[in-house]
$ cat final02.pdb   # PDB, C-alpha atoms
ATOM      1  CA  MET R   1      68.075  31.049 -42.314
ATOM      2  CA  PRO R   2      66.641  27.526 -41.819
ATOM      3  CA  LEU R   3      67.348  25.871 -38.484
ATOM      4  CA  ASN R   4      70.173  23.317 -38.749
ATOM      5  CA  ILE R   5      69.492  20.672 -36.103
ATOM      6  CA  GLU R   6      72.890  19.007 -36.634
ATOM      7  CA  ASP R   7      74.714  22.285 -35.910
ATOM      8  CA  HIS R   8      72.737  22.777 -32.701
ATOM      9  CA  ALA R   9      73.321  19.153 -31.680
ATOM     10  CA  TYR R  10      77.061  19.688 -32.150
ATOM     11  CA  SER R  11      76.882  22.800 -29.976
ATOM     12  CA  VAL R  12      75.190  20.811 -27.185
ATOM     13  CA  MET R  13      77.793  18.027 -27.447
ATOM     14  CA  SER R  14      80.770  20.396 -27.488
ATOM     15  CA  SER R  15      79.683  23.329 -25.325
ATOM     16  CA  GLY R  16      76.822  21.768 -23.396
ATOM     17  CA  TYR R  17      74.156  24.197 -24.596
ATOM     18  CA  THR R  18      72.687  25.931 -27.626
ATOM     19  CA  LEU R  19      70.266  28.785 -28.284
ATOM     20  CA  LEU R  20      67.341  28.154 -30.650
ATOM     21  CA  GLN R  21      66.027  31.536 -31.738
ATOM     22  CA  ASN R  22      62.483  32.597 -32.668
ATOM     23  CA  GLN R  23      60.825  29.282 -31.812
ATOM     24  CA  ILE R  24      57.596  30.450 -30.132
ATOM     25  CA  GLY R  25      55.145  32.881 -31.733
ATOM     26  CA  GLU R  26      53.736  35.893 -29.904
ATOM     27  CA  SER R  27      50.218  34.487 -29.448
ATOM     28  CA  ASP R  28      51.632  31.281 -27.959
ATOM     29  CA  ILE R  29      53.979  33.268 -25.692
ATOM     30  CA  THR R  30      50.975  35.229 -24.402
ATOM     31  CA  ALA R  31      49.051  32.019 -23.627
ATOM     32  CA  LEU R  32      52.081  30.460 -21.916
ATOM     33  CA  ARG R  33      52.648  33.588 -19.821
ATOM     34  CA  GLU R  34      49.025  33.464 -18.658
ATOM     35  CA  ALA R  35      49.437  29.827 -17.614
ATOM     36  CA  VAL R  36      52.658  30.573 -15.733
ATOM     37  CA  ASP R  37      51.096  33.550 -13.965
ATOM     38  CA  GLN R  38      48.207  31.312 -12.846
ATOM     39  CA  ALA R  39      50.734  28.798 -11.472
ATOM     40  CA  LEU R  40      52.623  31.588  -9.692
ATOM     41  CA  ALA R  41      49.372  32.746  -8.080
ATOM     42  CA  ALA R  42      48.676  29.163  -6.954
ATOM     43  CA  ILE R  43      52.140  28.971  -5.379
ATOM     44  CA  GLY R  44      51.450  32.188  -3.469
ATOM     45  CA  LYS R  45      48.109  30.819  -2.280
ATOM     46  CA  ALA R  46      49.735  27.568  -1.150
ATOM     47  CA  ARG R  47      52.282  29.498   0.904
ATOM     48  CA  GLU R  48      49.545  31.609   2.482
ATOM     49  CA  GLN R  49      47.792  28.377   3.480
ATOM     50  CA  GLY R  50      50.906  27.209   5.295
ATOM     51  CA  ARG R  51      52.563  24.888   2.814
ATOM     52  CA  ASN R  52      56.212  25.240   3.750
ATOM     53  CA  TYR R  53      58.434  23.348   1.348
ATOM     54  CA  PRO R  54      61.888  24.587   0.214
ATOM     55  CA  ILE R  55      60.880  24.860  -3.434
ATOM     56  CA  PHE R  56      58.323  27.516  -2.516
ATOM     57  CA  ASN R  57      61.200  29.821  -1.600
ATOM     58  CA  TYR R  58      61.874  29.816  -5.330
ATOM     59  CA  PRO R  59      58.873  30.465  -7.607
ATOM     60  CA  SER R  60      58.788  27.103  -9.361
ATOM     61  CA  THR R  61      56.431  24.202  -9.856
ATOM     62  CA  GLN R  62      56.356  20.990 -11.873
ATOM     63  CA  CYS R  63      53.612  19.262 -13.902
ATOM     64  CA  MET R  64      52.999  22.273 -16.154
ATOM     65  CA  TYR R  65      51.040  20.121 -18.632
ATOM     66  CA  CYS R  66      48.169  20.530 -16.142
ATOM     67  CA  TRP R  67      48.048  24.306 -16.585
ATOM     68  CA  GLY R  68      46.283  24.617 -19.928
ATOM     69  CA  ASP R  69      46.368  23.675 -23.589
ATOM     70  CA  ALA R  70      49.232  26.037 -24.408
ATOM     71  CA  CYS R  71      51.505  24.243 -21.938
ATOM     72  CA  LEU R  72      50.353  20.843 -23.157
ATOM     73  CA  ASP R  73      50.881  21.816 -26.808
ATOM     74  CA  LEU R  74      54.479  22.810 -26.032
ATOM     75  CA  LEU R  75      55.226  19.099 -25.583
ATOM     76  CA  GLU R  76      54.595  18.753 -29.340
ATOM     77  CA  HIS R  77      57.140  21.403 -30.364
ATOM     78  CA  GLU R  78      58.910  20.049 -33.426
ATOM     79  CA  THR R  79      62.282  21.691 -32.775
ATOM     80  CA  ILE R  80      62.411  20.318 -29.236
ATOM     81  CA  HIS R  81      61.681  16.837 -30.582
ATOM     82  CA  GLY R  82      64.057  17.197 -33.521
ATOM     83  CA  LEU R  83      67.044  18.249 -31.421
ATOM     84  CA  THR R  84      66.350  15.724 -28.656
ATOM     85  CA  ALA R  85      65.987  12.873 -31.159
ATOM     86  CA  GLU R  86      69.264  13.883 -32.818
ATOM     87  CA  LEU R  87      71.076  13.704 -29.468
ATOM     88  CA  MET R  88      69.275  10.882 -27.623
ATOM     89  CA  ARG R  89      67.274   8.965 -30.208
ATOM     90  CA  GLU R  90      64.772   7.670 -27.596
ATOM     91  CA  TYR R  91      63.585   9.779 -24.690
ATOM     92  CA  ARG R  92      60.734  10.501 -22.288
ATOM     93  CA  LEU R  93      59.549  13.411 -20.193
ATOM     94  CA  TRP R  94      61.580  13.696 -16.986
ATOM     95  CA  GLY R  95      59.861  16.837 -15.679
ATOM     96  CA  TYR R  96      58.048  19.946 -16.894
ATOM     97  CA  ASN R  97      58.908  22.904 -14.747
ATOM     98  CA  MET R  98      58.054  26.572 -14.482
ATOM     99  CA  LEU R  99      61.037  28.649 -13.329
ATOM    100  CA  ALA R 100      60.753  32.337 -12.482
ATOM    101  CA  ARG R 101      62.841  35.022 -10.833
ATOM    102  CA  ALA R 102      60.889  37.606  -8.865
ATOM    103  CA  PRO R 103      61.497  41.297  -9.599
ATOM    104  CA  SER R 104      63.776  43.478  -7.549
ATOM    105  CA  THR R 105      62.561  45.538  -4.636
ATOM    106  CA  GLY R 106      64.479  48.658  -3.735
ATOM    107  CA  GLY R 107      67.245  48.027  -6.243
ATOM    108  CA  SER R 108      68.292  44.671  -4.786
ATOM    109  CA  PRO R 109      67.352  41.163  -5.893
ATOM    110  CA  PRO R 110      64.960  39.383  -3.530
ATOM    111  CA  GLY R 111      66.629  37.302  -0.855
ATOM    112  CA  ALA R 112      64.655  34.160  -1.679
ATOM    113  CA  LEU R 113      66.184  30.726  -1.706
ATOM    114  CA  LYS R 114      68.882  31.374   0.879
ATOM    115  CA  LEU R 115      71.368  29.907  -1.612
ATOM    116  CA  GLU R 116      69.191  26.811  -2.054
ATOM    117  CA  GLU R 117      67.610  25.180  -5.090
ATOM    118  CA  GLY R 118      70.275  25.859  -7.648
ATOM    119  CA  ILE R 119      71.567  29.309  -6.718
ATOM    120  CA  GLY R 120      75.285  29.102  -7.310
ATOM    121  CA  LEU R 121      76.960  27.101 -10.068
ATOM    122  CA  HIS R 122      75.882  23.474  -9.872
ATOM    123  CA  GLN R 123      75.309  20.331 -11.907
ATOM    124  CA  ASP R 124      71.830  18.780 -11.769
ATOM    125  CA  PHE R 125      73.441  15.377 -12.372
ATOM    126  CA  SER R 126      77.019  14.182 -12.192
ATOM    127  CA  ILE R 127      78.276  10.598 -11.883
ATOM    128  CA  PRO R 128      77.837   8.592 -14.068
ATOM    129  CA  PHE R 129      76.686  11.215 -16.558
ATOM    130  CA  HIS R 130      79.448  13.810 -16.590
ATOM    131  CA  GLY R 131      82.354  13.163 -18.909
ATOM    132  CA  SER R 132      79.989  12.095 -21.698
ATOM    133  CA  PRO R 133      79.582  14.447 -24.683
ATOM    134  CA  ARG R 134      76.123  13.078 -25.490
ATOM    135  CA  PRO R 135      73.464  14.035 -22.953
ATOM    136  CA  PHE R 136      71.277  11.656 -20.994
ATOM    137  CA  TYR R 137      69.190  14.628 -19.882
ATOM    138  CA  LEU R 138      68.226  17.776 -21.806
ATOM    139  CA  TRP R 139      66.579  20.864 -20.355
ATOM    140  CA  HIS R 140      64.765  23.023 -22.944
ATOM    141  CA  PHE R 141      64.295  26.462 -21.345
ATOM    142  CA  VAL R 142      61.511  28.280 -23.223
ATOM    143  CA  CYS R 143      61.984  32.015 -22.684
ATOM    144  CA  LEU R 144      58.708  33.805 -21.983
ATOM    145  CA  ASP R 145      60.424  37.155 -21.448
ATOM    146  CA  ASP R 146      63.518  38.776 -22.884
ATOM    147  CA  VAL R 147      66.352  37.366 -20.760
ATOM    148  CA  THR R 148      69.119  39.812 -19.867
ATOM    149  CA  PRO R 149      71.940  40.211 -17.322
ATOM    150  CA  GLU R 150      69.651  42.593 -15.445
ATOM    151  CA  ASN R 151      66.777  40.126 -14.946
ATOM    152  CA  GLY R 152      68.677  36.940 -14.200
ATOM    153  CA  ALA R 153      69.872  35.302 -17.412
ATOM    154  CA  THR R 154      71.313  31.826 -16.859
ATOM    155  CA  TRP R 155      75.068  31.425 -16.440
ATOM    156  CA  VAL R 156      76.692  28.356 -18.014
ATOM    157  CA  VAL R 157      80.268  27.043 -17.887
ATOM    158  CA  PRO R 158      80.769  25.861 -21.489
ATOM    159  CA  GLY R 159      82.123  22.335 -21.815
ATOM    160  CA  SER R 160      81.780  21.527 -18.114
ATOM    161  CA  HIS R 161      79.503  18.563 -18.910
ATOM    162  CA  ARG R 162      82.634  16.831 -20.223
ATOM    163  CA  ALA R 163      84.488  17.236 -16.930
ATOM    164  CA  THR R 164      85.440  14.125 -14.984
ATOM    165  CA  ASP R 165      86.528  13.491 -11.409
ATOM    166  CA  LEU R 166      90.095  13.959 -12.613
ATOM    167  CA  SER R 167      89.468  17.302 -14.293
ATOM    168  CA  LEU R 168      86.985  18.993 -11.948
ATOM    169  CA  PRO R 169      88.376  21.801  -9.780
ATOM    170  CA  LYS R 170      89.585  20.509  -6.422
ATOM    171  CA  HIS R 171      88.655  23.540  -4.318
ATOM    172  CA  GLY R 172      85.653  22.983  -2.089
ATOM    173  CA  ALA R 173      82.250  21.580  -2.859
ATOM    174  CA  HIS R 174      80.887  21.832  -6.393
ATOM    175  CA  ARG R 175      78.218  24.307  -5.281
ATOM    176  CA  THR R 176      80.957  26.817  -4.425
ATOM    177  CA  PHE R 177      82.736  26.367  -7.764
ATOM    178  CA  THR R 178      83.404  29.898  -9.071
ATOM    179  CA  GLY R 179      83.563  28.925 -12.750
ATOM    180  CA  GLY R 180      85.857  31.621 -14.127
ATOM    181  CA  SER R 181      84.890  30.712 -17.702
ATOM    182  CA  ALA R 182      81.114  31.046 -17.103
ATOM    183  CA  GLN R 183      79.076  32.858 -19.739
ATOM    184  CA  GLN R 184      75.669  34.456 -19.285
ATOM    185  CA  ILE R 185      73.208  33.375 -21.992
ATOM    186  CA  CYS R 186      70.906  36.204 -23.038
ATOM    187  CA  ALA R 187      67.866  35.545 -25.222
ATOM    188  CA  LYS R 188      64.626  37.002 -26.555
ATOM    189  CA  ALA R 189      61.108  35.952 -25.624
ATOM    190  CA  GLY R 190      60.294  33.000 -27.854
ATOM    191  CA  ASP R 191      63.853  31.636 -27.906
ATOM    192  CA  ILE R 192      64.709  28.236 -26.425
ATOM    193  CA  LEU R 193      67.925  27.659 -24.482
ATOM    194  CA  THR R 194      68.742  23.944 -24.613
ATOM    195  CA  LEU R 195      71.108  22.812 -21.862
ATOM    196  CA  ASN R 196      72.817  19.598 -20.852
ATOM    197  CA  PRO R 197      72.163  19.860 -17.089
ATOM    198  CA  CYS R 198      75.476  18.135 -16.347
ATOM    199  CA  CYS R 199      76.967  21.540 -17.228
ATOM    200  CA  TYR R 200      77.645  23.848 -14.337
ATOM    201  CA  HIS R 201      74.900  26.475 -14.488
ATOM    202  CA  THR R 202      72.953  28.907 -12.329
ATOM    203  CA  PRO R 203      70.302  31.606 -12.710
ATOM    204  CA  GLY R 204      71.506  35.139 -12.208
ATOM    205  CA  PRO R 205      69.925  37.577  -9.734
ATOM    206  CA  ASN R 206      67.011  39.672 -10.980
ATOM    207  CA  TYR R 207      67.805  43.365 -10.507
ATOM    208  CA  SER R 208      64.943  44.474 -12.758
ATOM    209  CA  HIS R 209      61.394  45.391 -11.764
ATOM    210  CA  SER R 210      59.763  42.645 -13.848
ATOM    211  CA  TRP R 211      59.471  38.873 -13.591
ATOM    212  CA  ARG R 212      61.806  36.648 -15.604
ATOM    213  CA  ARG R 213      59.869  33.496 -16.603
ATOM    214  CA  TYR R 214      61.008  30.225 -18.187
ATOM    215  CA  LEU R 215      59.209  27.011 -18.958
ATOM    216  CA  ALA R 216      61.580  24.047 -18.728
ATOM    217  CA  VAL R 217      60.679  20.973 -20.778
ATOM    218  CA  GLN R 218      62.995  18.417 -19.147
ATOM    219  CA  LEU R 219      63.680  15.241 -21.123
ATOM    220  CA  CYS R 220      65.717  12.138 -20.261
ATOM    221  CA  TYR R 221      66.973   9.050 -22.021
ATOM    222  CA  ILE R 222      64.339   6.321 -22.319
ATOM    223  CA  THR R 223      65.879   3.983 -19.706
ATOM    224  CA  LEU R 224      66.060   6.633 -16.952
ATOM    225  CA  PRO R 225      63.357   7.144 -14.310
ATOM    226  CA  PRO R 226      61.088  10.157 -14.851
ATOM    227  CA  LEU R 227      60.565  12.594 -12.018
ATOM    228  CA  HIS R 228      56.982  11.469 -11.326
ATOM    229  CA  ASP R 229      54.207   9.307 -12.719
ATOM    230  CA  HIS R 230      53.310  11.955 -15.283
ATOM    231  CA  TRP R 231      50.529   9.957 -16.915
ATOM    232  CA  SER R 232      48.649   9.604 -13.642
ATOM    233  CA  ILE R 233      49.245  13.227 -12.664
ATOM    234  CA  ALA R 234      47.999  14.428 -16.054
ATOM    235  CA  GLY R 235      44.709  12.677 -15.352
ATOM    236  CA  PRO R 236      41.694  12.090 -17.587
ATOM    237  CA  SER R 237      41.374  15.624 -18.976
ATOM    238  CA  VAL R 238      44.854  15.378 -20.516
ATOM    239  CA  GLN R 239      44.865  11.642 -21.241
ATOM    240  CA  ARG R 240      41.826  11.817 -23.512
ATOM    241  CA  LYS R 241      43.252  14.422 -25.906
ATOM    242  CA  VAL R 242      47.004  13.931 -26.255
ATOM    243  CA  SER R 243      48.745  12.598 -29.359
ATOM    244  CA  ILE R 244      50.432   9.206 -29.468
ATOM    245  CA  ARG R 245      53.828  10.926 -29.206
ATOM    246  CA  THR R 246      52.886  12.919 -26.111
ATOM    247  CA  ARG R 247      51.224   9.850 -24.605
ATOM    248  CA  LYS R 248      54.515   7.970 -24.992
ATOM    249  CA  MET R 249      56.467  10.849 -23.411
ATOM    250  CA  LEU R 250      54.143  11.024 -20.412
ATOM    251  CA  ARG R 251      53.542   7.335 -19.946
ATOM    252  CA  GLY R 252      56.532   5.363 -21.115
ATOM    253  CA  ASP R 253      57.055   1.898 -19.665
ATOM    254  CA  TYR R 254      59.051   2.730 -16.548
ATOM    255  CA  GLU R 255      57.544   1.435 -13.323
ATOM    256  CA  GLY R 256      59.733   3.407 -10.892
ATOM    257  CA  PHE R 257      60.033   7.159 -10.501
ATOM    258  CA  ALA R 258      62.888   9.387  -9.413
ATOM    259  CA  TYR R 259      61.106  11.412  -6.722
ATOM    260  CA  PRO R 260      57.549  10.104  -6.188
ATOM    261  CA  HIS R 261      57.593  11.471  -2.647
ATOM    262  CA  ALA R 262      58.115  15.133  -3.584
ATOM    263  CA  ALA R 263      54.510  15.974  -4.511
ATOM    264  CA  SER R 264      54.164  18.238  -1.483
ATOM    265  CA  GLY R 265      56.483  20.654  -3.283
ATOM    266  CA  TYR R 266      54.245  21.179  -6.310
ATOM    267  CA  VAL R 267      50.885  22.764  -6.967
ATOM    268  CA  LEU R 268      48.144  21.669  -9.375
ATOM    269  CA  PRO R 269      45.135  23.697 -10.525
ATOM    270  CA  ASP R 270      42.226  23.826  -8.086
ATOM    271  CA  GLY R 271      40.056  20.749  -8.463
ATOM    272  CA  TRP R 272      42.531  18.951 -10.734
ATOM    273  CA  GLU R 273      41.597  15.283 -11.168
ATOM    274  CA  THR R 274      44.495  12.831 -11.249
ATOM    275  CA  ASP R 275      44.275   9.223 -12.379
ATOM    276  CA  GLY R 276      44.307   7.430  -9.040
ATOM    277  CA  ASN R 277      46.892   8.490  -6.469
ATOM    278  CA  PRO R 278      50.200   9.080  -8.270
ATOM    279  CA  PHE R 279      51.832  10.667  -5.223
ATOM    280  CA  ALA R 280      53.223   8.217  -2.704
ATOM    281  CA  GLU R 281      55.992   8.053  -0.189
ATOM    282  CA  ALA R 282      58.696   5.918  -1.796
ATOM    283  CA  PRO R 283      62.481   5.655  -1.951
ATOM    284  CA  ASN R 284      64.361   8.109  -4.132
ATOM    285  CA  GLU R 285      65.138   5.898  -7.099
ATOM    286  CA  MET R 286      67.985   8.134  -8.234
ATOM    287  CA  GLY R 287      69.916   6.815  -5.236
ATOM    288  CA  GLN R 288      69.063   3.145  -5.627
ATOM    289  CA  HIS R 289      71.294   2.122  -8.520
ATOM    290  CA  SER R 290      75.065   1.891  -8.547
ATOM    291  CA  ALA R 291      76.925   3.808 -11.232
ATOM    292  CA  MET R 292      77.808   0.592 -13.047
ATOM    293  CA  ARG R 293      74.165  -0.517 -13.113
ATOM    294  CA  GLN R 294      73.122   2.870 -14.450
ATOM    295  CA  LEU R 295      75.784   2.748 -17.143
ATOM    296  CA  ALA R 296      74.742  -0.755 -18.163
ATOM    297  CA  ALA R 297      71.139   0.389 -18.505
ATOM    298  CA  LEU R 298      72.193   3.347 -20.663
ATOM    299  CA  ARG R 299      73.973   1.345 -23.372
ATOM    300  CA  HIS R 300      72.366   1.738 -26.776
ATOM    301  CA  PRO R 301      71.242  -1.452 -28.516
ATOM    302  CA  GLU R 302      73.629  -2.734 -31.161
ATOM    303  CA  HIS R 303      72.818  -1.540 -34.663
TER     304      HIS R 303
END
$ encode --input "final02.pdb" --output "structure tokens"
Amino acid sequence: MPLNIEDHAYSVMSSGYTLLQNQIGESDITALREAVDQALAAIGKAREQGRNYPIFNYPSTQCMYCWGDACLDLLEHETIHGLTAELMREYRLWGYNMLARAPSTGGSPPGALKLEEGIGLHQDFSIPFHGSPRPFYLWHFVCLDDVTPENGATWVVPGSHRATDLSLPKHGAHRTFTGGSAQQICAKAGDILTLNPCCYHTPGPNYSHSWRRYLAVQLCYITLPPLHDHWSIAGPSVQRKVSIRTRKMLRGDYEGFAYPHAASGYVLPDGWETDGNPFAEAPNEMGQHSAMRQLAALRHPEH
């Protein structure tokens, strides 16, 4: 059956997520797995060398366009662009993350994270973005392994992106929200789970003896600050070969960045050449604008 982008866009607007099946072929999955495994090895090496940053408690790293042609080519995926354009019209790359859950040891999930970095139901963004059916951010989780309850499939509370301050549960902090209506989204390798990250969501524990690996292509509306200066991080080896569309996604015209100071939490391939020094200590731009200013910047031009 042909993919109906409008149906999937409706699912994202109403439920906050959708599952796009059979999107990545086996040869591409193999190449993406190899890139992720190289990044995982680099994370382990960084920890052995004494880099102690909270994100290293959770096997994850950004800037995955630096980890080979397969990862770079994923930014050209037509279904990702088609669905994002249907929902946002104009967008840029916010981040490009590898997310993995380590296998179980002795029948119990590893005790990594200490309840940090997204363990427990949470929203990645809230005010002023929750309460809106159309997303200002979209996470496209590309499944590199079959995703099951046993190996940590993502839990989502359907419709929770439409919650407001008046409708959110009043018990405790949002990170302790129990989410009685949460559903666990299982998928096959090659599927893409597209999520509005204003939905309450969380990875499940991995009780299996194998890794569970995602690639997360994280997109945001064109007026919002990207996570980093992606164009500079990508450097000359990427800059010289990307398409006009990918160049626009990486570069954009935004002069500020959401978290330019967080580079110590990420790893790049050995010897990677950036364009200048894209990593700098700077204020967290996500905290610089009032909600009203953000909302004003998000208004679509009149048609």
$ residues_around --input "final02.pdb" --residues "Thr61 in chain R" --least-positions-apart "6" --cutoff "9 Å" --atoms "all atoms listed in the file" --output "mmCIF file with C-alpha atoms, in the frame of the given file"
data_model
loop_
_atom_site.group_PDB
_atom_site.id
_atom_site.type_symbol
_atom_site.label_atom_id
_atom_site.label_comp_id
_atom_site.auth_asym_id
_atom_site.auth_seq_id
_atom_site.Cartn_x
_atom_site.Cartn_y
_atom_site.Cartn_z
ATOM 1 C CA ALA R 39 50.734 28.798 -11.472
ATOM 2 C CA LEU R 40 52.623 31.588 -9.692
ATOM 3 C CA ILE R 43 52.140 28.971 -5.379
ATOM 4 C CA ILE R 55 60.880 24.860 -3.434
ATOM 5 C CA TYR R 96 58.048 19.946 -16.894
ATOM 6 C CA ASN R 97 58.908 22.904 -14.747
ATOM 7 C CA MET R 98 58.054 26.572 -14.482
ATOM 8 C CA LEU R 99 61.037 28.649 -13.329
ATOM 9 C CA GLY R 265 56.483 20.654 -3.283
ATOM 10 C CA TYR R 266 54.245 21.179 -6.310
ATOM 11 C CA VAL R 267 50.885 22.764 -6.967
ATOM 12 C CA LEU R 268 48.144 21.669 -9.375
#
$ closest_residue --input "final02.pdb" --among "R:Gly180, R:Gly190, R:Gly16, R:Pro133" --to "Asp146 in chain R" --atoms "only C-alpha atoms"
R:Gly190
$ residues_around --input "final02.pdb" --residues "range 71-77 of chain R" --least-positions-apart "4" --cutoff "8 Å" --atoms "all atoms listed in the file" --output "PyMOL selection string"
chain R and resi 32+35+64-67+81+217+245-246
$ residues_around --input "final02.pdb" --residues "range 27-31 of chain R" --least-positions-apart "5" --cutoff "8 Å" --atoms "all atoms listed in the file" --output "ChimeraX atom specification"
/R:70,144,189-190
$ atom_distance --input "final02.pdb" --atom1 "CA of Gln49 in chain R" --atom2 "CA of Pro269 in chain R"
15.0 Å
$ closest_residue --input "final02.pdb" --among "R:His8, R:His209, R:Arg101, R:Lys45" --to "Pro59 in chain R" --atoms "all atoms listed in the file"
R:Arg101
$ decode --input "final02.pdb" --residues "range 28-43 of chain R" --atoms "N, CA and C atoms" --output "JSON list (two decimals), in the first residue's frame"
[["chain", "number", "residue", "atom", "x", "y", "z"],
["R", 28, "ASP", "N", 21.21, -0.33, 3.65],
["R", 28, "ASP", "CA", 21.37, 0.94, 4.35],
["R", 28, "ASP", "C", 21.35, 0.76, 5.86],
["R", 29, "ILE", "N", 20.50, -0.14, 6.36],
["R", 29, "ILE", "CA", 20.47, -0.42, 7.80],
["R", 29, "ILE", "C", 21.83, -0.93, 8.26],
["R", 30, "THR", "N", 22.43, -1.83, 7.46],
["R", 30, "THR", "CA", 23.75, -2.37, 7.82],
["R", 30, "THR", "C", 24.78, -1.25, 7.91],
["R", 31, "ALA", "N", 24.79, -0.34, 6.93],
["R", 31, "ALA", "CA", 25.76, 0.76, 6.94],
["R", 31, "ALA", "C", 25.51, 1.70, 8.11],
["R", 32, "LEU", "N", 24.25, 1.96, 8.44],
["R", 32, "LEU", "CA", 23.93, 2.84, 9.57],
["R", 32, "LEU", "C", 24.31, 2.18, 10.90],
["R", 33, "ARG", "N", 24.10, 0.88, 11.01],
["R", 33, "ARG", "CA", 24.51, 0.17, 12.23],
["R", 33, "ARG", "C", 26.03, 0.28, 12.42],
["R", 34, "GLU", "N", 26.78, 0.12, 11.34],
["R", 34, "GLU", "CA", 28.24, 0.21, 11.44],
["R", 34, "GLU", "C", 28.66, 1.59, 11.92],
["R", 35, "ALA", "N", 28.00, 2.63, 11.42],
["R", 35, "ALA", "CA", 28.33, 3.99, 11.84],
["R", 35, "ALA", "C", 28.01, 4.20, 13.32],
["R", 36, "VAL", "N", 26.85, 3.71, 13.74],
["R", 36, "VAL", "CA", 26.46, 3.84, 15.15],
["R", 36, "VAL", "C", 27.42, 3.08, 16.05],
["R", 37, "ASP", "N", 27.81, 1.88, 15.65],
["R", 37, "ASP", "CA", 28.74, 1.10, 16.47],
["R", 37, "ASP", "C", 30.09, 1.80, 16.59],
["R", 38, "GLN", "N", 30.54, 2.48, 15.52],
["R", 38, "GLN", "CA", 31.77, 3.26, 15.60],
["R", 38, "GLN", "C", 31.61, 4.41, 16.59],
["R", 39, "ALA", "N", 30.44, 5.07, 16.57],
["R", 39, "ALA", "CA", 30.20, 6.17, 17.52],
["R", 39, "ALA", "C", 30.13, 5.65, 18.95],
["R", 40, "LEU", "N", 29.52, 4.49, 19.15],
["R", 40, "LEU", "CA", 29.47, 3.89, 20.48],
["R", 40, "LEU", "C", 30.88, 3.58, 20.99],
["R", 41, "ALA", "N", 31.73, 3.06, 20.11],
["R", 41, "ALA", "CA", 33.11, 2.78, 20.51],
["R", 41, "ALA", "C", 33.84, 4.06, 20.88],
["R", 42, "ALA", "N", 33.57, 5.15, 20.15],
["R", 42, "ALA", "CA", 34.21, 6.43, 20.45],
["R", 42, "ALA", "C", 33.75, 6.97, 21.80],
["R", 43, "ILE", "N", 32.47, 6.76, 22.13],
["R", 43, "ILE", "CA", 31.97, 7.17, 23.43],
["R", 43, "ILE", "C", 32.70, 6.41, 24.54]]
